[in-house]
There are 4 protein chains.
Amino acid sequence: MAATGPSDPMFTTERMSAIFSPESRVRRLLEFEAALARAEARAGIIPERAAEAIGNKCDVGLYDVPALEREAAVAGTLALPLVRRLTEHVQEDARGFVHWGTTSQDALDTGMVLQVREGLDVLVDDLLAVGSSCASLAERHAATPMAGRTLLQHAVPITFGLKAAHWLSLTTSQVHRLVEARGEALAVQLGGAAGTLAALGGRGIHVAELLAGELDLAPPDLPWHTDRDRVALLAGALGTVAGAMGKIATDVVLLAQTEVGEVSEGAAPGKGRSSAMPQKRNAVDATFALSAARLAIGVVPVLLWSMVQEHERAVGGWQAEWAAVPELFRHTAGAVGRVRTVVENLEVDPQRMRANLEASGGQVMAEALAMALATHVGRHEAHDIVAGATRRAAEGGVDLRTAAGDDERVRALVGLADLDRILDPATYLGDAEAFVGRAIERFREVAARARQSR
Amino acid sequence: MAATGPSDPMFTTERMSAIFSPESRVRRLLEFEAALARAEARAGIIPERAAEAIGNKCDVGLYDVPALEREAAVAGTLALPLVRRLTEHVQEDARGFVHWGTTSQDALDTGMVLQVREGLDVLVDDLLAVGSSCASLAERHAATPMAGRTLLQHAVPITFGLKAAHWLSLTTSQVHRLVEARGEALAVQLGGAAGTLAALGGRGIHVAELLAGELDLAPPDLPWHTDRDRVALLAGALGTVAGAMGKIATDVVLLAQTEVGEVSEGAAPGKGRSSAMPQKRNAVDATFALSAARLAIGVVPVLLWSMVQEHERAVGGWQAEWAAVPELFRHTAGAVGRVRTVVENLEVDPQRMRANLEASGGQVMAEALAMALATHVGRHEAHDIVAGATRRAAEGGVDLRTAAGDDERVRALVGLADLDRILDPATYLGDAEAFVGRAIERFREVAARARQSR
Amino acid sequence: MAATGPSDPMFTTERMSAIFSPESRVRRLLEFEAALARAEARAGIIPERAAEAIGNKCDVGLYDVPALEREAAVAGTLALPLVRRLTEHVQEDARGFVHWGTTSQDALDTGMVLQVREGLDVLVDDLLAVGSSCASLAERHAATPMAGRTLLQHAVPITFGLKAAHWLSLTTSQVHRLVEARGEALAVQLGGAAGTLAALGGRGIHVAELLAGELDLAPPDLPWHTDRDRVALLAGALGTVAGAMGKIATDVVLLAQTEVGEVSEGAAPGKGRSSAMPQKRNAVDATFALSAARLAIGVVPVLLWSMVQEHERAVGGWQAEWAAVPELFRHTAGAVGRVRTVVENLEVDPQRMRANLEASGGQVMAEALAMALATHVGRHEAHDIVAGATRRAAEGGVDLRTAAGDDERVRALVGLADLDRILDPATYLGDAEAFVGRAIERFREVAARARQSR
Amino acid sequence: MAATGPSDPMFTTERMSAIFSPESRVRRLLEFEAALARAEARAGIIPERAAEAIGNKCDVGLYDVPALEREAAVAGTLALPLVRRLTEHVQEDARGFVHWGTTSQDALDTGMVLQVREGLDVLVDDLLAVGSSCASLAERHAATPMAGRTLLQHAVPITFGLKAAHWLSLTTSQVHRLVEARGEALAVQLGGAAGTLAALGGRGIHVAELLAGELDLAPPDLPWHTDRDRVALLAGALGTVAGAMGKIATDVVLLAQTEVGEVSEGAAPGKGRSSAMPQKRNAVDATFALSAARLAIGVVPVLLWSMVQEHERAVGGWQAEWAAVPELFRHTAGAVGRVRTVVENLEVDPQRMRANLEASGGQVMAEALAMALATHVGRHEAHDIVAGATRRAAEGGVDLRTAAGDDERVRALVGLADLDRILDPATYLGDAEAFVGRAIERFREVAARARQSR
């Protein structure tokens with residue numbers, strides 16, 4: 001089919017791709033039509049038998065999806081040709097009750113909400129897997145020292161466990177937010193032609209509630225045909241997920257650099273090789289997490305600006321959602337899925353971490369020394385003393401221990417014996433371990449709540 | 001000062017501009033330094049008297065803000081030159097305790113959070129004012145019929161009250177969200193050089209809690225130097241506010257068109273005139289609400305992508321926030337402030353609404369007729385009958401009443417007497433009134449909660 | 001195939017979808033491999049017979065494209081599995097010369113450039129069709145007066161021909177720019193592993209020139225593995241095309257409003273109907289042009305930020321192009337294609353234009369009157385006189401002719417006889433006709449050049 | 001002034017900030033009014049003496065700019081209050097001829113174009129300075145070997161001169177493009193109320209040409225009030241400049257990492273220190289180049305979407321340009337200015353480059369060996385032999401020379417004597433030197449043309 005192109009597996013996951021496939025879209029529209037008929041039957045608006053007859057034909061297998069897509073491109077909405085075909089399928093005496101009292105947008109928005117629910121659940125599953133792996137890394141490496149790096153320069157020691165705890169904390173927050181977004185975004189749409197539900201003759205709100213019940217969605221205060229903050233909220237939440245994954249992936253590609261070499265993505269057959277260079281093992285998954293995150297974030301402003309809709313139904317802003325929402329879910333899923341693979345298979349090299357930490361001749365311990373001195377002479381003067389020592393160390397090609405030991409103020413204030421202790425990275429890890437514990441604990445709580453929320 | 005440019009009053013409000021001015025930024029940094037000193041004194045880390053001496057010099061009036069800004073551009077951070085100047089100001093025996101055990105980013109992030117809190121409160125105030133005006137409009141015009149418009153075509157009747165209720169509902173949701181965002185985003189930052197708080201020798205978490213108490217902020221589980229989901233969340237929330245204001249403004253400019261003329265922005269001296277055309281009265285405030293909304297939304301992806309930060313402190317992503325966050329608040333405030341002016345002064349013309357509703361010769365009642373027929377012959381056939389009538393009406397230059405009355409099926413199914421009732425817009429408003437009531441009620445609840453949350 | 005999703009025909013065209021399909025991508029990579037082999041044979045680097053043997057297997061029909069895509073997602077590049085399969089297909093004695101001295105990115109970038117060339121040609125074709133239709137509209141309606149509208153208010157008269165001339169002018173500029181972009185963007189990529197062409201042993205530049213000749217592309221000064229301004233340039237150009245189409249579509253949806261009714265999209269079977277409202281005829285194509293334009297523009301910053309690439313080959317920025325470039329072409333094509341349908345079928349209603357022009361009781365002629373008076377009393381005083389007249393006209397419910405005629409200054413300065421002439425829209429069209437002529441002339445020149453440039 | 005905020009010197013340059021200051025904006029509007037009066041006098045439309053009288057009052061020093069800004073925020077346009085004040089200043093008999101036959105947008109657009117011209121010239125100046133420094137670096141280090149890095153892994157050797165040549169090439173292209181953009185974007189705006197120039201009574205096109213001459217701008221084919229592709233083109237060009245600077249800055253921050261240490265930004269008093277860590281020297285300028293680039297790119301889609309303007313004058317899209325265009329220039333200038341500082345002061349460490357190149361035990365030469373073998377056994381088999389050697393080298397902790405020498409196929413095919421030559425990085429630099437020469441040559445040509453174009 002020339003008209004169908006790729007949902008490139010590089011930038012998404014199979015599961016998410018399936019949720020937002022054309023088939024799934026049609027299936028969800030049919031789910032709306034069936035549930036609407038049931039709700040209207042329960043409200044006494046259409047006959048029970050009509051509802052049943054309609055429901056019997058709401059099976060996606062009965063429909064030619066690519067043909068529907070082509071007709072939709074002309075009609076301007078997928079609901080129109082689908083309702084026409086559904087009406088044809090339904091037996092004659094029930095035919096008149098198909099899509100009763102509703103409008104295309106009711107079907108399309110509710111269908112999208114059903115896809116979104118499934119999409120959010122898949123994202124949460126993958127994020128929980130990311131979190132579990134990060135929690136393991138954090139726990140296992142709670143006492144593995146490495147260089148903390150700020151502006152890509154060695155700063156002070158941290159542990160790899162702390163770094164993993166930050167990845168975990170970011171991931172936990174994303175789970176928390178998506179669970180919240182699920183609650184806020186998942187409202188049924190039922191407003192009729194212009195949001196008054198006039199075609200349901202005063203029983204519209206009741207039908208909306210029954211419909212919401214049928215689909216296990218929330219009934220909104222008002223129809224939300226052109227009040228798209230629910231969609232915008234989702235966009236912000238997914239963009240934030242993508243950004244969070246981008247942060248983790250960035251750390252990984254930086255740690256995997258040839259000169260750093262502290263982690264590497266696990267090997268897999270056919271993975272990360274170069275067509276030219278036999279020695280290479282590229283951080284493929286982190287790389288594509290970064291690409292997918294870029295693509296996801298690019299969609300967010302499209303959805304925010306699409307809030308600016310005209311009157312009771314929009315020209316362009318609403319329709320753009322039909323491409324943008326799936327795109328956002330696909331690419332966010334791609335970022336999460338790739339990071340999941342990264343953290344599940346990450347190879348960590350504590351010895352290289354230690355070697356890098358020591359490679360600067362103790363300069364990474366400059367703050368530790370400065371703080372030790374500062375208790376005696378104040379922060380400012382201590383900073384100056386240590387700055388002098390670091391400079392002399394760099395110029396003289398010696399380590400900080402030697403340069404500092406040569407300074408008589410240092411000897412007088414802390415003594416040479418204490419100097420060794422002060423300059424030992426293991427003594428200057430502050431609350432790293434406590435933070436690891438906190439991150440793991442919060443993950444467990446949020447994960448438990450996420451699992452209950454289904 | 002050549003180096004300072006405009007925070008153009010066209011696209012923001014004076015209050016928001018002041019909150020994010022260079023002076024305010026320095027004031028907030030000093031607030032951090034004073035509070036940190038107090039917290040450290042309470043924790044027994046620095047002497048009480050030092051904390052007092054430091055606090056005495058944390059007065060923005062003592063500092064040359066433009067000079068600090070220029071130094072900051074070289075230093076790479078405003079905190080560095082400010083801490084140096086503060087240290088100079090503080091009396092000698094306390095000098096060594098300035099900025100103890102902390103790092104530039106702790107001060108800058110916490111300072112930003114304090115600005116953000118004030119900014120959110122101002123946005124909420126303005127949104128509550130927007131909401132109040134929308135509630136009045138909704139109440140006053142709950143029974144004012146007008147054309148509902150979808151894809152800029154007449155669809156079915158609604159009321160202007162319902163339209164205002166949608167503006168209200170969108171605004172209420174924004175208040176709700178910003179109050180939530182206030183809760184989630186307002187965490188103190190204290191991590192030290194690389195997030196371990198090592199320089200506070202094991203008492204870092206305690207100091208962070210005391211500091212949070214001093215500033216009435218939340219203490220976070222972990223320092224969040226490169227975990228920027230709090231900022232991204234804010235960005236999404238403010239972008240959504242901007243989008244919501246854009247929707248309201250769009251409705252207003254469309255309703256104010258010469259050919260529609262159903263509302264106009266109130267007149268004000270010097271407002272909305274043309275330099276060439278004496279008759280014009282442009283919808284200036286709605287126009288600038290739309291501009292400001294565009295500008296605000298443009299900032300959101302910058303902040304989302306800025307989440308992708310390196311290791312323990314970022315090269316570029318973090319620093320971009322210093323310009324982007326103020327920009328986002330300024331432009332969002334501009335959008336809200338302009339919409340506030342619009343809805344507070346909106347002139348509504350119910351007669352013109354009625355005239356436009358009737359201008360299409362009753363075509364806007366086509367669905368009403370179709371639904372009346374559908375109860376007899378089903379939706380599909382009814383649709384066909386009415387489609388025929390609307391076509392004959394258009395071609396014959398007659399109204400729908402006439403064309404429909406000429407169709408014997410119509411006469412047989414509903415009778416001519418009922419036809420008039422069916423085609424009266426006032427009988428086909430569905431749940432419009434109920435929705436108005438719901439929107440007002442929810443606004444009152446959320447507004448009450450918003451006011452309590454301070 | 002669960003892993004493949006929609007290239008939704010709503011937001012693109014079939015032709016563009018085909019150009020950027022997975023099959024096409026593989027076909028283009030094979031085209032590169034075949035051309036490289038020929039070039040290397042001509043340079044005496046590999047045997048003629050090997051080149052021939054390789055070329056014989058560069059037929060996309062030999063390859064399982066979905067399987068390649070899945071392997072690519074693991075490998076991190078489509079080139080790797082494809083080259084492996086190609087090598088397997090090639091007869092044994094030529095096998096060692098496949099992909100000689102090159103790297104994945106050389107193949108992928110050159111392949112993309114070949115797709116881009118085809119994509120640009122299709123866009124230019126569609127834009128030329130848009131231009132032809134706009135030129136016809138401009139010519140046919142060069143003397144059809146209508147209201148000029150600024151900030152959605154009547155300003156002064158224009159002609160519909162002038163409006164169409166602006167659409168034409170915008171379209172002409174896009175053709176011009178894409179033809180230029182074609183020249184600048186279409187460079188072959190050949191750099192080898194890190195851009196030195198070392199694997200070609202000093203003959204690399206010569207091979208690059210031969211390869212460029214084979215593919216009818218430009219040989220670049222330097223390989224451009226991480227110098228992506230060519231791609232960014234394209235992104236800006238296509239985003240501008242999308243914006244231009246959005247402007248035309250906006251004019252159409254506004255002119256097609258029920259209250260304005262000056263144009264409508266032509267009818268087509270199954271098009272633009274409502275599932276609820278029989279009377280509706282929505283501006284479907286303009287609506288989807290607006291959606292597609294939004295989607296296209298959303299991709300532009302992704303490609304701009306993707307310029308920020310690391311060293312000799314990027315982690316994430318480059319790979320994002322693989323999804324973003326096709327997305328940009330697809331959505332831009334969607335916008336252009338939809339506008340093409342709009343302007344090719346546009347129904348124009350000059351009577352309604354005339355009626356709307358007159359509906360304001362001559363207020364649209366206020367500037368004309370002011371200018372006539374200004375020659376006697378200066379611009380400022382004239383503006384005041386007319387402002388008074390427009391106000392009295394509005395308040396008194398009379399037309400501007402009457403209100404102005406009541407003012408003795410008006411009678412004294414221009415006389416009642418002249419007043420009618422002054423207030424006739426046909427006398428106040430300025431250079432509208434000349435501008436129409438200019439727009440058409442420039443289109444013809446640019447179109448001729450565009451056709452020659454192939 | 002609470003209403004004015006920062007044009008933060010961190011993210012822009014003083015020169016650019018001055019060009020887009022409120023004062024400059026008013027000055028440019030006055031320049032338009034004076035030139036218009038002169039043009040109209042030359043066309044015989046207003047008296048010579050009136051033009052002179054108007055010109056005499058077009059001095060920005062006569063106006064209270066902040067007061068004008070506040071009035072503009074109400075009026076909806078700066079031109080309106082300014083024209084009113086100008087009219088008051090002008091002597092009575094000339095007063096009536098101020099702003100004759102024109103409209104606010106003519107003044108505002110032309111004023112913006114004048115600012116843009118100055119802004120482009122400043123960007124070109126700074127880019128030429130960047131180019132000069134890159135050319136020096138490229139020349140000086142044409143034979144300085146370093147590791148080429150792809151996906152942040154060592155690939156094959158390059159030279160630092162080649163890396164600088166790529167920076168140069170990117171910069172050269174930006175100069176070229178801005179010079180082109182200057183030609184295309186700089187058109188005068190003169191259309192009158194709705195683009196017909198009716199108020200100039202048939203002499204409008206002539207006046208537009210005279211006005212263009214006065215201001216040394218191009219006369220456009222048609223007024224371009226809502227045809228904003230000129231602005232969009234600029235946006236794309238500046239966004240591309242920002243992206244190019246981001247690429248250079250990224251390379252610098254990566255090369256300056258503690259573990260890489262191949263370059264560092266030059267020291268400067270007060271620069272790049274840490275408040276906590278005495279040893280640090282952060283790459284401050286590259287960091288802010290990256291921030292400014294992000295901010296600049298964020299503005300691009302705002303300007304692209306702002307093309308979607310309504311009818312003859314827009315509601316929101318046009319007005320957004322007033323903030324977005326200055327923002328884009330300021331941030332792009334910030335990125336260029338910061339990179340200029342980086343490359344003018346860059347400290348390069350060839351010894352560290354050599355050390356890093358050798359640190360992997362010759363693995364960086366794997367491709368070189370593979371190509372040497374491939375001439376005997378084909379690419380595929382050669383790749384396998386070398387992959388084996390690199391694996392054995394890594395596992396055995398030996399260098400590639402040793403592991404390869406242990407393989408009898410290697411010994412048989414190339415011999416041990418040749419092996420040393422093959423594995424010497426200096427023998428595997430391909431066309432690096434030629435590319436350096438090409439980049440420098442093209443820069444010289446483009447720079448010469450850029451200087452002539454003023």
# chains A, B, ... in the order shown; residues from 1 in each chain; ligands from 1
$ residues_around --residues "stretch 147-160 of chain C" --least-positions-apart "6" --cutoff "9 Å" --atoms "only C-alpha atoms" --output "number ranges by chain"
B: 253-254, 256-259, 276-277, 279-284, 287; C: 137-138, 141, 348, 350, 353-354, 356-358, 360, 363-368, 425-426, 428-430, 432-433; D: 193-196, 198, 310-316
$ write_last_selection --atoms "N, CA and C atoms" --output "short mmCIF file (atom, residue, chain, number, x, y, z; two decimals), in the first residue's frame"
data_model
loop_
_atom_site.label_atom_id
_atom_site.label_comp_id
_atom_site.auth_asym_id
_atom_site.auth_seq_id
_atom_site.Cartn_x
_atom_site.Cartn_y
_atom_site.Cartn_z
N VAL B 253 -12.03 37.01 19.13
CA VAL B 253 -11.74 37.69 17.86
C VAL B 253 -12.68 37.22 16.75
N LEU B 254 -13.08 35.95 16.82
CA LEU B 254 -14.01 35.47 15.79
C LEU B 254 -15.40 36.06 15.98
N ALA B 256 -16.03 38.85 17.27
CA ALA B 256 -15.97 40.31 17.06
C ALA B 256 -15.78 40.69 15.60
N GLN B 257 -15.70 39.70 14.71
CA GLN B 257 -15.56 40.02 13.29
C GLN B 257 -16.69 40.94 12.82
N THR B 258 -16.39 41.77 11.86
CA THR B 258 -17.41 42.67 11.32
C THR B 258 -18.68 41.91 10.94
N GLU B 259 -18.52 40.77 10.28
CA GLU B 259 -19.71 40.05 9.81
C GLU B 259 -20.44 39.31 10.93
N ALA B 276 -5.02 54.57 10.16
CA ALA B 276 -5.56 54.93 8.84
C ALA B 276 -7.08 54.95 8.80
N MET B 277 -7.73 54.10 9.59
CA MET B 277 -9.16 53.89 9.40
C MET B 277 -9.97 54.30 10.62
N GLN B 279 -13.03 54.15 11.46
CA GLN B 279 -14.15 53.37 11.95
C GLN B 279 -13.73 52.15 12.79
N LYS B 280 -12.45 51.83 12.81
CA LYS B 280 -12.05 50.53 13.38
C LYS B 280 -12.01 50.52 14.90
N ARG B 281 -12.37 49.39 15.47
CA ARG B 281 -12.16 49.15 16.90
C ARG B 281 -11.66 47.73 17.04
N ASN B 282 -10.36 47.58 17.02
CA ASN B 282 -9.76 46.25 16.99
C ASN B 282 -9.83 45.55 18.34
N ALA B 283 -9.88 44.24 18.30
CA ALA B 283 -9.88 43.43 19.52
C ALA B 283 -8.44 43.30 20.00
N VAL B 284 -7.93 44.39 20.51
CA VAL B 284 -6.50 44.48 20.83
C VAL B 284 -6.09 43.49 21.91
N THR B 287 -6.07 39.97 20.73
CA THR B 287 -4.95 39.82 19.80
C THR B 287 -3.64 39.58 20.56
N LEU C 137 -7.39 32.39 -10.45
CA LEU C 137 -8.30 33.12 -9.55
C LEU C 137 -7.97 34.61 -9.55
N ALA C 138 -6.69 34.92 -9.52
CA ALA C 138 -6.27 36.32 -9.45
C ALA C 138 -6.68 37.05 -10.73
N HIS C 141 -10.58 37.37 -11.04
CA HIS C 141 -11.23 38.25 -10.06
C HIS C 141 -10.44 39.53 -9.82
N VAL C 348 -16.28 30.73 -5.74
CA VAL C 348 -16.20 32.13 -5.31
C VAL C 348 -17.55 32.79 -5.55
N PRO C 350 -18.94 36.33 -5.86
CA PRO C 350 -18.71 37.78 -5.92
C PRO C 350 -19.89 38.59 -5.39
N MET C 353 -19.57 38.81 -1.74
CA MET C 353 -18.47 39.74 -1.44
C MET C 353 -18.96 41.18 -1.49
N ARG C 354 -19.69 41.47 -2.55
CA ARG C 354 -20.25 42.82 -2.71
C ARG C 354 -21.21 43.13 -1.56
N ASN C 356 -21.33 41.84 1.47
CA ASN C 356 -20.60 42.05 2.73
C ASN C 356 -19.92 43.41 2.76
N LEU C 357 -19.40 43.78 1.60
CA LEU C 357 -18.70 45.07 1.50
C LEU C 357 -19.64 46.22 1.84
N GLU C 358 -20.88 46.05 1.42
CA GLU C 358 -21.85 47.13 1.62
C GLU C 358 -22.59 47.02 2.95
N SER C 360 -21.81 47.20 5.94
CA SER C 360 -21.48 48.10 7.04
C SER C 360 -21.93 49.53 6.77
N GLN C 363 -19.08 52.10 5.99
CA GLN C 363 -17.99 52.38 6.95
C GLN C 363 -16.63 51.94 6.40
N VAL C 364 -16.65 50.93 5.54
CA VAL C 364 -15.41 50.45 4.96
C VAL C 364 -14.75 51.52 4.08
N MET C 365 -15.51 52.57 3.74
CA MET C 365 -14.96 53.66 2.91
C MET C 365 -14.47 54.84 3.75
N ALA C 366 -14.41 54.66 5.06
CA ALA C 366 -14.04 55.79 5.91
C ALA C 366 -12.66 56.35 5.55
N GLU C 367 -11.71 55.46 5.31
CA GLU C 367 -10.37 55.97 4.99
C GLU C 367 -10.39 56.75 3.70
N ALA C 368 -11.15 56.24 2.72
CA ALA C 368 -11.22 56.95 1.44
C ALA C 368 -11.69 58.38 1.64
N PRO C 425 -16.62 51.97 -3.62
CA PRO C 425 -15.44 51.10 -3.45
C PRO C 425 -14.61 50.96 -4.72
N ALA C 426 -15.26 50.96 -5.87
CA ALA C 426 -14.52 50.75 -7.12
C ALA C 426 -13.50 51.85 -7.38
N TYR C 428 -11.61 53.11 -5.10
CA TYR C 428 -10.60 53.15 -4.04
C TYR C 428 -9.88 51.81 -3.94
N LEU C 429 -9.41 51.34 -5.06
CA LEU C 429 -8.72 50.05 -5.08
C LEU C 429 -7.22 50.20 -5.31
N GLY C 430 -6.78 51.45 -5.43
CA GLY C 430 -5.35 51.72 -5.50
C GLY C 430 -4.66 50.89 -6.56
N ALA C 432 -4.30 47.69 -6.69
CA ALA C 432 -4.65 46.26 -6.62
C ALA C 432 -4.40 45.56 -7.95
N GLU C 433 -4.86 46.17 -9.02
CA GLU C 433 -4.72 45.51 -10.32
C GLU C 433 -3.25 45.35 -10.71
N ALA D 193 -3.63 50.73 4.26
CA ALA D 193 -4.53 50.04 5.18
C ALA D 193 -4.70 48.55 4.89
N ALA D 194 -4.88 48.19 3.64
CA ALA D 194 -5.09 46.78 3.34
C ALA D 194 -4.30 46.32 2.13
N GLY D 195 -3.18 46.98 1.89
CA GLY D 195 -2.27 46.52 0.86
C GLY D 195 -2.55 47.01 -0.55
N THR D 196 -3.49 47.95 -0.70
CA THR D 196 -3.78 48.45 -2.05
C THR D 196 -3.08 49.78 -2.34
N ALA D 198 -4.26 52.48 -1.77
CA ALA D 198 -5.30 53.35 -2.32
C ALA D 198 -5.15 54.80 -1.84
N GLU D 310 -4.21 36.04 9.22
CA GLU D 310 -5.58 36.20 8.75
C GLU D 310 -5.69 37.36 7.76
N HIS D 311 -6.26 37.06 6.60
CA HIS D 311 -6.62 38.11 5.64
C HIS D 311 -5.51 39.14 5.40
N GLU D 312 -5.87 40.44 5.51
CA GLU D 312 -4.91 41.48 5.12
C GLU D 312 -4.03 41.96 6.26
N ARG D 313 -4.41 41.62 7.49
CA ARG D 313 -3.57 41.97 8.65
C ARG D 313 -3.99 41.02 9.78
N ALA D 314 -3.02 40.52 10.51
CA ALA D 314 -3.27 39.36 11.38
C ALA D 314 -3.66 39.73 12.81
N VAL D 315 -4.32 38.79 13.46
CA VAL D 315 -4.62 38.90 14.90
C VAL D 315 -3.72 37.98 15.70
N GLY D 316 -2.56 38.47 16.05
CA GLY D 316 -1.70 37.70 16.94
C GLY D 316 -0.41 37.22 16.31
#
$ residues_around --residues "B:Phe443" --least-positions-apart "2" --cutoff "8 Å" --atoms "only C-alpha atoms" --output "ChimeraX atom specification"
/B:131,168-169,172,439-441,445-447
$ closest_residue --among "A:Asp8, A:Glu92, A:Asp424, A:Asp121" --to "chain C" --atoms "only C-alpha atoms"
A:Asp8
$ atom_distance --atom1 "atom CA of B:Ala372" --atom2 "atom CA of C:Gly270"
24.4 Å
$ select_by_dssp --residues "stretch 146-213 of chain D" --states "helix (DSSP H, G or I)" --output "PyMOL selection string"
chain D and resi 160-185+198-200+204-213
$ write_last_selection --atoms "C-alpha atoms" --output "mmCIF file, in the first residue's frame"
data_model
loop_
_atom_site.group_PDB
_atom_site.id
_atom_site.type_symbol
_atom_site.label_atom_id
_atom_site.label_comp_id
_atom_site.auth_asym_id
_atom_site.auth_seq_id
_atom_site.Cartn_x
_atom_site.Cartn_y
_atom_site.Cartn_z
ATOM 1 C CA PHE D 160 42.573 18.551 15.142
ATOM 2 C CA GLY D 161 43.010 20.690 12.044
ATOM 3 C CA LEU D 162 40.290 18.690 10.339
ATOM 4 C CA LYS D 163 37.956 19.159 13.286
ATOM 5 C CA ALA D 164 38.610 22.906 13.207
ATOM 6 C CA ALA D 165 38.082 22.821 9.436
ATOM 7 C CA HIS D 166 34.606 21.422 9.997
ATOM 8 C CA TRP D 167 33.844 24.197 12.463
ATOM 9 C CA LEU D 168 35.134 26.597 9.837
ATOM 10 C CA SER D 169 33.090 25.049 7.077
ATOM 11 C CA LEU D 170 29.914 25.285 9.134
ATOM 12 C CA THR D 171 30.704 28.889 9.983
ATOM 13 C CA THR D 172 31.465 29.786 6.372
ATOM 14 C CA SER D 173 28.116 28.399 5.310
ATOM 15 C CA GLN D 174 26.389 30.532 7.910
ATOM 16 C CA VAL D 175 28.077 33.677 6.644
ATOM 17 C CA HIS D 176 27.079 32.764 3.126
ATOM 18 C CA ARG D 177 23.496 32.164 4.161
ATOM 19 C CA LEU D 178 23.112 35.340 6.205
ATOM 20 C CA VAL D 179 24.463 37.408 3.345
ATOM 21 C CA GLU D 180 21.856 35.775 1.129
ATOM 22 C CA ALA D 181 19.125 36.239 3.721
ATOM 23 C CA ARG D 182 20.068 39.913 3.947
ATOM 24 C CA GLY D 183 19.387 40.212 0.246
ATOM 25 C CA GLU D 184 16.065 38.432 0.386
ATOM 26 C CA ALA D 185 14.626 39.728 3.626
ATOM 27 C CA ALA D 198 -5.298 53.349 -2.318
ATOM 28 C CA ALA D 199 -4.598 56.300 -0.050
ATOM 29 C CA LEU D 200 -1.726 57.286 -2.316
ATOM 30 C CA GLY D 204 1.705 54.247 -4.399
ATOM 31 C CA ILE D 205 4.102 52.033 -6.271
ATOM 32 C CA HIS D 206 6.181 55.037 -7.235
ATOM 33 C CA VAL D 207 6.315 56.210 -3.613
ATOM 34 C CA ALA D 208 7.279 52.719 -2.484
ATOM 35 C CA GLU D 209 10.206 52.776 -4.880
ATOM 36 C CA LEU D 210 11.332 56.191 -3.726
ATOM 37 C CA LEU D 211 10.984 55.124 -0.111
ATOM 38 C CA ALA D 212 13.022 52.001 -0.772
ATOM 39 C CA GLY D 213 15.695 54.193 -2.318
#
$ residues_around --residues "A:Glu88" --least-positions-apart "3" --cutoff "12 Å" --atoms "only C-alpha atoms" --output "PyMOL selection string"
(chain A and resi 53-54+57-58+62-63+81-85+91-98) or (chain B and resi 380)
$ atom_distance --atom1 "atom CA of C:Glu40" --atom2 "atom CA of C:Met112"
21.0 Å
